[in-house]
$ cat run_18.cif   # mmCIF, C-alpha atoms
data_protein
#
loop_
_atom_site.group_PDB
_atom_site.id
_atom_site.type_symbol
_atom_site.label_atom_id
_atom_site.label_comp_id
_atom_site.auth_asym_id
_atom_site.auth_seq_id
_atom_site.Cartn_x
_atom_site.Cartn_y
_atom_site.Cartn_z
ATOM 1 C CA MET G 1 -1.061 25.664 11.370
ATOM 2 C CA ARG G 2 1.956 23.602 10.354
ATOM 3 C CA HIS G 3 0.079 20.406 11.142
ATOM 4 C CA ALA G 4 -2.730 21.388 8.781
ATOM 5 C CA ARG G 5 -0.218 22.300 6.090
ATOM 6 C CA ASP G 6 1.605 18.964 6.414
ATOM 7 C CA PHE G 7 -1.716 17.113 6.277
ATOM 8 C CA ALA G 8 -2.919 19.055 3.219
ATOM 9 C CA VAL G 9 0.361 18.670 1.323
ATOM 10 C CA THR G 10 0.375 14.929 1.995
ATOM 11 C CA VAL G 11 -3.232 14.495 0.824
ATOM 12 C CA LEU G 12 -2.685 16.566 -2.330
ATOM 13 C CA ALA G 13 0.534 14.732 -3.212
ATOM 14 C CA LEU G 14 -1.191 11.372 -2.854
ATOM 15 C CA ALA G 15 -4.155 12.577 -4.913
ATOM 16 C CA ALA G 16 -1.787 13.458 -7.762
ATOM 17 C CA LEU G 17 -0.175 10.039 -7.455
ATOM 18 C CA GLY G 18 -3.644 8.474 -7.545
ATOM 19 C CA VAL G 19 -4.084 9.774 -11.092
ATOM 20 C CA VAL G 20 -0.748 8.208 -12.076
ATOM 21 C CA ALA G 21 -1.726 4.929 -10.397
ATOM 22 C CA GLY G 22 -5.024 4.922 -12.299
ATOM 23 C CA VAL G 23 -3.242 5.260 -15.637
ATOM 24 C CA LEU G 24 -0.777 2.509 -14.672
ATOM 25 C CA TRP G 25 -3.642 0.241 -13.582
ATOM 26 C CA SER G 26 -5.385 0.897 -16.896
ATOM 27 C CA ILE G 27 -2.264 -0.150 -18.788
ATOM 28 C CA LEU G 28 -1.604 -3.329 -16.773
ATOM 29 C CA ALA G 29 -5.060 -4.750 -16.090
ATOM 30 C CA PRO G 30 -6.779 -6.967 -18.656
ATOM 31 C CA ARG G 31 -10.200 -6.002 -19.926
ATOM 32 C CA PRO G 32 -13.018 -8.534 -19.835
ATOM 33 C CA PRO G 33 -14.278 -9.464 -23.304
ATOM 34 C CA TYR G 34 -17.823 -8.432 -24.190
ATOM 35 C CA VAL G 35 -19.989 -9.403 -27.142
ATOM 36 C CA VAL G 36 -22.348 -6.797 -28.572
ATOM 37 C CA THR G 37 -25.808 -8.262 -29.054
ATOM 38 C CA GLY G 38 -29.196 -6.816 -29.871
ATOM 39 C CA ARG G 39 -29.789 -6.325 -26.139
ATOM 40 C CA GLY G 40 -26.474 -4.507 -25.692
ATOM 41 C CA PRO G 41 -23.056 -5.642 -24.521
ATOM 42 C CA VAL G 42 -22.970 -9.009 -22.738
ATOM 43 C CA LEU G 43 -20.029 -10.570 -20.945
ATOM 44 C CA ALA G 44 -18.629 -13.012 -23.507
ATOM 45 C CA ASP G 45 -17.292 -15.504 -20.977
ATOM 46 C CA PRO G 46 -18.925 -15.500 -17.537
ATOM 47 C CA SER G 47 -16.079 -17.642 -16.202
ATOM 48 C CA THR G 48 -13.430 -15.128 -17.246
ATOM 49 C CA GLN G 49 -10.642 -14.364 -14.819
ATOM 50 C CA ALA G 50 -10.178 -10.857 -16.224
ATOM 51 C CA LEU G 51 -12.440 -9.352 -13.579
ATOM 52 C CA ILE G 52 -10.387 -10.892 -10.776
ATOM 53 C CA ALA G 53 -7.126 -9.986 -12.513
ATOM 54 C CA ALA G 54 -8.192 -6.344 -12.697
ATOM 55 C CA ASP G 55 -8.759 -6.335 -8.924
ATOM 56 C CA GLY G 56 -5.401 -8.015 -8.392
ATOM 57 C CA TRP G 57 -3.557 -5.511 -10.543
ATOM 58 C CA PHE G 58 -5.281 -2.691 -8.678
ATOM 59 C CA ALA G 59 -4.095 -4.125 -5.362
ATOM 60 C CA VAL G 60 -0.535 -4.530 -6.664
ATOM 61 C CA VAL G 61 -0.327 -1.019 -8.128
ATOM 62 C CA THR G 62 -1.922 0.776 -5.192
ATOM 63 C CA GLY G 63 -0.048 -1.385 -2.686
ATOM 64 C CA ALA G 64 3.289 -0.496 -4.255
ATOM 65 C CA PHE G 65 2.346 3.177 -4.285
ATOM 66 C CA GLY G 66 1.239 2.880 -0.657
ATOM 67 C CA LEU G 67 4.549 1.396 0.443
ATOM 68 C CA ALA G 68 6.500 4.037 -1.478
ATOM 69 C CA CYS G 69 4.373 6.830 0.010
ATOM 70 C CA GLY G 70 4.732 5.434 3.534
ATOM 71 C CA ALA G 71 8.523 5.316 3.235
ATOM 72 C CA ALA G 72 8.699 8.767 1.630
ATOM 73 C CA GLY G 73 6.304 10.238 4.189
ATOM 74 C CA TYR G 74 8.391 8.889 7.036
ATOM 75 C CA SER G 75 11.681 10.125 5.617
ATOM 76 C CA LEU G 76 10.306 13.589 4.778
ATOM 77 C CA SER G 77 8.304 14.154 7.953
ATOM 78 C CA ARG G 78 9.800 16.167 10.746
ATOM 79 C CA ARG G 79 10.141 14.453 14.079
ATOM 80 C CA GLY G 80 7.714 16.903 15.706
ATOM 81 C CA ARG G 81 4.676 16.286 13.441
ATOM 82 C CA PRO G 82 4.359 12.633 12.477
ATOM 83 C CA LEU G 83 0.642 12.537 13.336
ATOM 84 C CA ALA G 84 -0.243 15.058 10.621
ATOM 85 C CA VAL G 85 1.703 13.075 8.025
ATOM 86 C CA VAL G 86 0.361 9.641 8.972
ATOM 87 C CA THR G 87 -3.245 10.877 8.983
ATOM 88 C CA GLY G 88 -2.522 12.561 5.654
ATOM 89 C CA LEU G 89 -1.242 9.229 4.350
ATOM 90 C CA ALA G 90 -4.431 7.493 5.458
ATOM 91 C CA ALA G 91 -6.844 10.132 4.107
ATOM 92 C CA GLY G 92 -4.792 10.764 0.972
ATOM 93 C CA GLY G 93 -4.497 7.029 0.337
ATOM 94 C CA LEU G 94 -8.280 6.670 0.387
ATOM 95 C CA LEU G 95 -8.645 9.610 -1.990
ATOM 96 C CA ALA G 96 -5.853 8.303 -4.235
ATOM 97 C CA GLY G 97 -7.435 4.836 -4.412
ATOM 98 C CA HIS G 98 -10.760 6.354 -5.414
ATOM 99 C CA LEU G 99 -9.098 8.571 -8.028
ATOM 100 C CA ALA G 100 -7.205 5.558 -9.385
ATOM 101 C CA THR G 101 -10.474 3.688 -9.983
ATOM 102 C CA VAL G 102 -12.085 6.682 -11.676
ATOM 103 C CA VAL G 103 -9.068 7.478 -13.873
ATOM 104 C CA GLY G 104 -8.325 3.816 -14.639
ATOM 105 C CA GLY G 105 -11.892 3.228 -15.774
ATOM 106 C CA ALA G 106 -11.963 6.398 -17.870
ATOM 107 C CA VAL G 107 -8.589 6.081 -19.597
ATOM 108 C CA ASN G 108 -8.973 2.507 -21.002
ATOM 109 C CA LEU G 109 -5.418 2.062 -22.264
ATOM 110 C CA GLY G 110 -5.293 -1.723 -21.862
ATOM 111 C CA ALA G 111 -6.477 -4.211 -24.431
ATOM 112 C CA VAL G 112 -8.604 -7.328 -24.304
ATOM 113 C CA SER G 113 -6.040 -9.938 -23.361
ATOM 114 C CA VAL G 114 -8.418 -12.708 -22.318
ATOM 115 C CA ALA G 115 -10.129 -14.667 -25.062
ATOM 116 C CA ALA G 116 -13.769 -15.606 -24.753
ATOM 117 C CA ALA G 117 -14.702 -19.262 -24.623
ATOM 118 C CA GLY G 118 -17.422 -20.562 -26.890
ATOM 119 C CA ARG G 119 -18.605 -19.271 -30.249
ATOM 120 C CA ASN G 120 -16.344 -17.201 -32.446
ATOM 121 C CA LEU G 121 -18.082 -13.865 -32.089
ATOM 122 C CA PRO G 122 -16.299 -10.554 -32.321
ATOM 123 C CA THR G 123 -15.393 -9.279 -28.870
ATOM 124 C CA VAL G 124 -14.889 -5.744 -27.645
ATOM 125 C CA ALA G 125 -12.973 -4.538 -24.653
ATOM 126 C CA GLY G 126 -15.165 -4.156 -21.614
ATOM 127 C CA PRO G 127 -14.871 -1.407 -19.056
ATOM 128 C CA LEU G 128 -12.200 -1.597 -16.377
ATOM 129 C CA GLU G 129 -14.084 -1.830 -13.112
ATOM 130 C CA LEU G 130 -13.241 -2.759 -9.582
ATOM 131 C CA THR G 131 -15.360 -5.695 -8.421
ATOM 132 C CA ALA G 132 -13.732 -6.255 -5.006
ATOM 133 C CA GLN G 133 -14.181 -2.987 -3.137
ATOM 134 C CA GLY G 134 -11.900 -4.146 -0.328
ATOM 135 C CA VAL G 135 -8.771 -3.474 -2.368
ATOM 136 C CA LEU G 136 -9.515 0.253 -2.124
ATOM 137 C CA VAL G 137 -7.869 0.232 1.308
ATOM 138 C CA ALA G 138 -4.576 -1.272 0.118
ATOM 139 C CA TRP G 139 -2.974 2.138 -0.403
ATOM 140 C CA PRO G 140 -3.888 3.789 2.915
ATOM 141 C CA MET G 141 -3.299 0.652 4.994
ATOM 142 C CA LEU G 142 0.150 -0.026 3.597
ATOM 143 C CA ALA G 143 1.203 3.638 3.654
ATOM 144 C CA ALA G 144 0.082 4.286 7.235
ATOM 145 C CA GLY G 145 1.192 0.824 8.364
ATOM 146 C CA LEU G 146 4.720 1.211 7.026
ATOM 147 C CA PHE G 147 4.946 4.722 8.489
ATOM 148 C CA ALA G 148 3.841 3.421 11.904
ATOM 149 C CA ALA G 149 6.256 0.493 11.740
ATOM 150 C CA LEU G 150 9.187 2.752 10.859
ATOM 151 C CA GLU G 151 8.203 5.206 13.596
ATOM 152 C CA GLY G 152 7.991 2.340 16.090
ATOM 153 C CA LEU G 153 11.419 1.034 15.116
ATOM 154 C CA ALA G 154 12.926 4.494 15.455
ATOM 155 C CA GLY G 155 11.245 4.930 18.832
ATOM 156 C CA TYR G 156 12.598 1.592 20.011
ATOM 157 C CA ARG G 157 16.076 2.420 18.775
ATOM 158 C CA ASP G 158 16.092 5.688 20.731
ATOM 159 C CA SER G 159 14.386 4.259 23.827
ATOM 160 C CA PRO G 160 16.246 4.155 27.150
ATOM 161 C CA LEU G 161 14.361 0.917 27.880
ATOM 162 C CA ARG G 162 16.537 -0.774 25.322
ATOM 163 C CA ARG G 163 19.518 -0.457 27.665
ATOM 164 C CA PRO G 164 18.241 -1.120 31.178
ATOM 165 C CA PHE G 165 20.584 -0.513 34.098
ATOM 166 C CA GLY G 166 22.563 2.019 32.052
ATOM 167 C CA GLY G 167 23.869 -0.684 29.726
ATOM 168 C CA ARG G 168 25.453 -2.686 32.563
ATOM 169 C CA ASP G 169 24.464 -6.243 33.404
ATOM 170 C CA PRO G 170 23.305 -6.367 37.046
ATOM 171 C CA TYR G 171 24.325 -10.020 37.321
ATOM 172 C CA GLY G 172 27.910 -9.560 36.186
ATOM 173 C CA PRO G 173 29.615 -10.634 32.993
ATOM 174 C CA ILE G 174 28.447 -13.947 31.590
ATOM 175 C CA SER G 175 31.925 -15.020 30.525
ATOM 176 C CA SER G 176 33.020 -15.535 34.157
ATOM 177 C CA TYR G 177 30.576 -18.425 34.644
ATOM 178 C CA ASP G 178 30.824 -21.974 33.384
ATOM 179 C CA ILE G 179 27.765 -22.610 31.207
ATOM 180 C CA SER G 180 27.776 -26.351 31.860
ATOM 181 C CA GLY G 181 26.491 -25.732 35.380
ATOM 182 C CA GLY G 182 29.700 -26.201 37.309
ATOM 183 C CA GLY G 183 29.788 -22.679 38.750
ATOM 184 C CA PRO G 184 32.542 -20.112 38.103
ATOM 185 C CA ALA G 185 34.990 -20.911 35.322
ATOM 186 C CA ARG G 186 38.395 -22.169 36.471
#
$ encode --input "run_18.cif" --output "structure tokens"
Amino acid sequence: MRHARDFAVTVLALAALGVVAGVLWSILAPRPPYVVTGRGPVLADPSTQALIAADGWFAVVTGAFGLACGAAGYSLSRRGRPLAVVTGLAAGGLLAGHLATVVGGAVNLGAVSVAAAGRNLPTVAGPLELTAQGVLVAWPMLAAGLFAALEGLAGYRDSPLRRPFGGRDPYGPISSYDISGGGPAR
């Protein structure tokens, strides 16, 4: 029962942070400029980098949240239930990334910061959308990856394999031998 509780708390905490990440992404990411024509809104500059910049800002924001969540999840998890927390980080990171795209697209706090090339037509801010769907896994991969790396380092630190032979060198102390190849030091 405690495993399910740890999993659920982790997923719900990350979902709440996903809303915050969506608002932050909406503030930071540039909007692509659109021109309103008789046929509806048309991308003003097809060579605009605003679409790529929005994906980049999403990866930066969710990646930073993922690293922070991985470190916090590791430090707050009890030694007996790391599996529930790390799976919660992975599932909650996927949910948080999805919520960040939904909230970021709905909030629209950013402004058009990329000018359109060509004719001087009035531009309007386009919707904030994610064009590279692969960045949705930045949050869960970095959160679970950092958690696993920290858990591995802690396991190595506590491992008896780190000090073979009880911490003694089976070949004797190195300082009693001449390194130049002449045998024992004189």
$ closest_residue --input "run_18.cif" --among "G:Val35, G:Leu142, G:Ile52, G:Leu99" --to "G:Val86" --atoms "all atoms listed in the file"
G:Leu142
$ closest_residue --input "run_18.cif" --among "G:Val19, G:Gly152, G:Leu14, G:Leu28" --to "G:Leu67" --atoms "all atoms listed in the file"
G:Leu14
$ residues_near_point --input "run_18.cif" --point "(-12.6, -7.9, -12.3)" --cutoff "8 Å" --atoms "all atoms listed in the file" --output "CSV table (one decimal) with C-alpha atoms, in the coordinates of the input"
chain,number,residue,atom,x,y,z
G,32,PRO,CA,-13.0,-8.5,-19.8
G,49,GLN,CA,-10.6,-14.4,-14.8
G,50,ALA,CA,-10.2,-10.9,-16.2
G,51,LEU,CA,-12.4,-9.4,-13.6
G,52,ILE,CA,-10.4,-10.9,-10.8
G,53,ALA,CA,-7.1,-10.0,-12.5
G,54,ALA,CA,-8.2,-6.3,-12.7
G,55,ASP,CA,-8.8,-6.3,-8.9
G,128,LEU,CA,-12.2,-1.6,-16.4
G,129,GLU,CA,-14.1,-1.8,-13.1
G,130,LEU,CA,-13.2,-2.8,-9.6
G,131,THR,CA,-15.4,-5.7,-8.4
G,132,ALA,CA,-13.7,-6.3,-5.0
$ residues_around --input "run_18.cif" --residues "G:Leu83" --least-positions-apart "2" --cutoff "12 Å" --atoms "all atoms listed in the file" --output "JSON, numbers by chain"
{"G": [2, 3, 4, 6, 7, 10, 73, 74, 77, 78, 79, 80, 81, 85, 86, 87, 88, 89, 90, 144, 147, 148, 151]}
$ resolve_selection --input "run_18.cif" --expression "the PyMOL selection byres ((chain G and resi 107) around 12)" --output "MDAnalysis selection string"
chainID G and resid 19:27 29 99:106 108:111 127:129
$ atom_distance --input "run_18.cif" --atom1 "atom CA of G:Ala91" --atom2 "atom CA of G:Leu76"
17.5 Å
$ build_atoms --input "run_18.cif" --residues "stretch 16-39 of chain G" --atoms "N, CA, C and O atoms" --output "PDB file, in the frame of the given file"
ATOM      1  N   ALA G  16      -2.462  13.395  -6.457  1.00  0.00           N
ATOM      2  CA  ALA G  16      -1.787  13.458  -7.762  1.00  0.00           C
ATOM      3  C   ALA G  16      -1.223  12.096  -8.143  1.00  0.00           C
ATOM      4  O   ALA G  16      -1.303  11.677  -9.311  1.00  0.00           O
ATOM      5  N   LEU G  17      -0.682  11.378  -7.173  1.00  0.00           N
ATOM      6  CA  LEU G  17      -0.175  10.039  -7.455  1.00  0.00           C
ATOM      7  C   LEU G  17      -1.303   9.061  -7.756  1.00  0.00           C
ATOM      8  O   LEU G  17      -1.096   8.068  -8.463  1.00  0.00           O
ATOM      9  N   GLY G  18      -2.493   9.320  -7.244  1.00  0.00           N
ATOM     10  CA  GLY G  18      -3.644   8.474  -7.545  1.00  0.00           C
ATOM     11  C   GLY G  18      -4.003   8.505  -9.017  1.00  0.00           C
ATOM     12  O   GLY G  18      -4.410   7.495  -9.590  1.00  0.00           O
ATOM     13  N   VAL G  19      -3.836   9.660  -9.651  1.00  0.00           N
ATOM     14  CA  VAL G  19      -4.084   9.774 -11.092  1.00  0.00           C
ATOM     15  C   VAL G  19      -3.061   8.929 -11.851  1.00  0.00           C
ATOM     16  O   VAL G  19      -3.404   8.184 -12.785  1.00  0.00           O
ATOM     17  N   VAL G  20      -1.801   9.002 -11.436  1.00  0.00           N
ATOM     18  CA  VAL G  20      -0.748   8.208 -12.076  1.00  0.00           C
ATOM     19  C   VAL G  20      -1.014   6.712 -11.876  1.00  0.00           C
ATOM     20  O   VAL G  20      -0.861   5.914 -12.807  1.00  0.00           O
ATOM     21  N   ALA G  21      -1.425   6.334 -10.674  1.00  0.00           N
ATOM     22  CA  ALA G  21      -1.726   4.929 -10.397  1.00  0.00           C
ATOM     23  C   ALA G  21      -2.901   4.441 -11.234  1.00  0.00           C
ATOM     24  O   ALA G  21      -2.916   3.289 -11.690  1.00  0.00           O
ATOM     25  N   GLY G  22      -3.881   5.298 -11.466  1.00  0.00           N
ATOM     26  CA  GLY G  22      -5.024   4.922 -12.299  1.00  0.00           C
ATOM     27  C   GLY G  22      -4.613   4.652 -13.743  1.00  0.00           C
ATOM     28  O   GLY G  22      -5.073   3.693 -14.363  1.00  0.00           O
ATOM     29  N   VAL G  23      -3.733   5.477 -14.271  1.00  0.00           N
ATOM     30  CA  VAL G  23      -3.242   5.260 -15.637  1.00  0.00           C
ATOM     31  C   VAL G  23      -2.430   3.967 -15.699  1.00  0.00           C
ATOM     32  O   VAL G  23      -2.582   3.168 -16.633  1.00  0.00           O
ATOM     33  N   LEU G  24      -1.579   3.733 -14.703  1.00  0.00           N
ATOM     34  CA  LEU G  24      -0.777   2.509 -14.672  1.00  0.00           C
ATOM     35  C   LEU G  24      -1.668   1.277 -14.540  1.00  0.00           C
ATOM     36  O   LEU G  24      -1.446   0.262 -15.211  1.00  0.00           O
ATOM     37  N   TRP G  25      -2.694   1.355 -13.717  1.00  0.00           N
ATOM     38  CA  TRP G  25      -3.642   0.241 -13.582  1.00  0.00           C
ATOM     39  C   TRP G  25      -4.358  -0.013 -14.897  1.00  0.00           C
ATOM     40  O   TRP G  25      -4.574  -1.159 -15.298  1.00  0.00           O
ATOM     41  N   SER G  26      -4.707   1.042 -15.610  1.00  0.00           N
ATOM     42  CA  SER G  26      -5.385   0.897 -16.896  1.00  0.00           C
ATOM     43  C   SER G  26      -4.488   0.213 -17.928  1.00  0.00           C
ATOM     44  O   SER G  26      -4.968  -0.539 -18.769  1.00  0.00           O
ATOM     45  N   ILE G  27      -3.203   0.470 -17.853  1.00  0.00           N
ATOM     46  CA  ILE G  27      -2.264  -0.150 -18.788  1.00  0.00           C
ATOM     47  C   ILE G  27      -2.069  -1.630 -18.460  1.00  0.00           C
ATOM     48  O   ILE G  27      -2.025  -2.474 -19.361  1.00  0.00           O
ATOM     49  N   LEU G  28      -1.967  -1.972 -17.178  1.00  0.00           N
ATOM     50  CA  LEU G  28      -1.604  -3.329 -16.773  1.00  0.00           C
ATOM     51  C   LEU G  28      -2.776  -4.309 -16.711  1.00  0.00           C
ATOM     52  O   LEU G  28      -2.606  -5.498 -16.979  1.00  0.00           O
ATOM     53  N   ALA G  29      -3.943  -3.839 -16.343  1.00  0.00           N
ATOM     54  CA  ALA G  29      -5.060  -4.750 -16.090  1.00  0.00           C
ATOM     55  C   ALA G  29      -5.725  -5.199 -17.387  1.00  0.00           C
ATOM     56  O   ALA G  29      -5.944  -4.399 -18.300  1.00  0.00           O
ATOM     57  N   PRO G  30      -6.070  -6.484 -17.472  1.00  0.00           N
ATOM     58  CA  PRO G  30      -6.779  -6.967 -18.656  1.00  0.00           C
ATOM     59  C   PRO G  30      -8.237  -6.536 -18.627  1.00  0.00           C
ATOM     60  O   PRO G  30      -8.830  -6.355 -17.569  1.00  0.00           O
ATOM     61  N   ARG G  31      -8.788  -6.359 -19.799  1.00  0.00           N
ATOM     62  CA  ARG G  31     -10.200  -6.002 -19.926  1.00  0.00           C
ATOM     63  C   ARG G  31     -11.018  -7.269 -20.152  1.00  0.00           C
ATOM     64  O   ARG G  31     -10.598  -8.150 -20.905  1.00  0.00           O
ATOM     65  N   PRO G  32     -12.173  -7.371 -19.557  1.00  0.00           N
ATOM     66  CA  PRO G  32     -13.018  -8.534 -19.835  1.00  0.00           C
ATOM     67  C   PRO G  32     -13.617  -8.411 -21.234  1.00  0.00           C
ATOM     68  O   PRO G  32     -13.984  -7.316 -21.663  1.00  0.00           O
ATOM     69  N   PRO G  33     -13.706  -9.521 -21.958  1.00  0.00           N
ATOM     70  CA  PRO G  33     -14.278  -9.464 -23.304  1.00  0.00           C
ATOM     71  C   PRO G  33     -15.811  -9.427 -23.260  1.00  0.00           C
ATOM     72  O   PRO G  33     -16.437 -10.159 -22.507  1.00  0.00           O
ATOM     73  N   TYR G  34     -16.374  -8.554 -24.063  1.00  0.00           N
ATOM     74  CA  TYR G  34     -17.823  -8.432 -24.190  1.00  0.00           C
ATOM     75  C   TYR G  34     -18.215  -8.678 -25.642  1.00  0.00           C
ATOM     76  O   TYR G  34     -17.450  -8.384 -26.557  1.00  0.00           O
ATOM     77  N   VAL G  35     -19.410  -9.208 -25.821  1.00  0.00           N
ATOM     78  CA  VAL G  35     -19.989  -9.403 -27.142  1.00  0.00           C
ATOM     79  C   VAL G  35     -21.172  -8.452 -27.255  1.00  0.00           C
ATOM     80  O   VAL G  35     -22.002  -8.376 -26.343  1.00  0.00           O
ATOM     81  N   VAL G  36     -21.243  -7.727 -28.367  1.00  0.00           N
ATOM     82  CA  VAL G  36     -22.348  -6.797 -28.572  1.00  0.00           C
ATOM     83  C   VAL G  36     -23.495  -7.560 -29.229  1.00  0.00           C
ATOM     84  O   VAL G  36     -23.345  -8.122 -30.307  1.00  0.00           O
ATOM     85  N   THR G  37     -24.618  -7.580 -28.550  1.00  0.00           N
ATOM     86  CA  THR G  37     -25.808  -8.262 -29.054  1.00  0.00           C
ATOM     87  C   THR G  37     -26.902  -7.234 -29.285  1.00  0.00           C
ATOM     88  O   THR G  37     -26.698  -6.043 -29.091  1.00  0.00           O
ATOM     89  N   GLY G  38     -28.059  -7.701 -29.666  1.00  0.00           N
ATOM     90  CA  GLY G  38     -29.196  -6.816 -29.871  1.00  0.00           C
ATOM     91  C   GLY G  38     -29.681  -6.188 -28.566  1.00  0.00           C
ATOM     92  O   GLY G  38     -30.285  -5.127 -28.557  1.00  0.00           O
ATOM     93  N   ARG G  39     -29.393  -6.851 -27.442  1.00  0.00           N
ATOM     94  CA  ARG G  39     -29.789  -6.325 -26.139  1.00  0.00           C
ATOM     95  C   ARG G  39     -28.698  -5.443 -25.527  1.00  0.00           C
ATOM     96  O   ARG G  39     -28.861  -4.954 -24.433  1.00  0.00           O
TER      97      ARG G  39
END
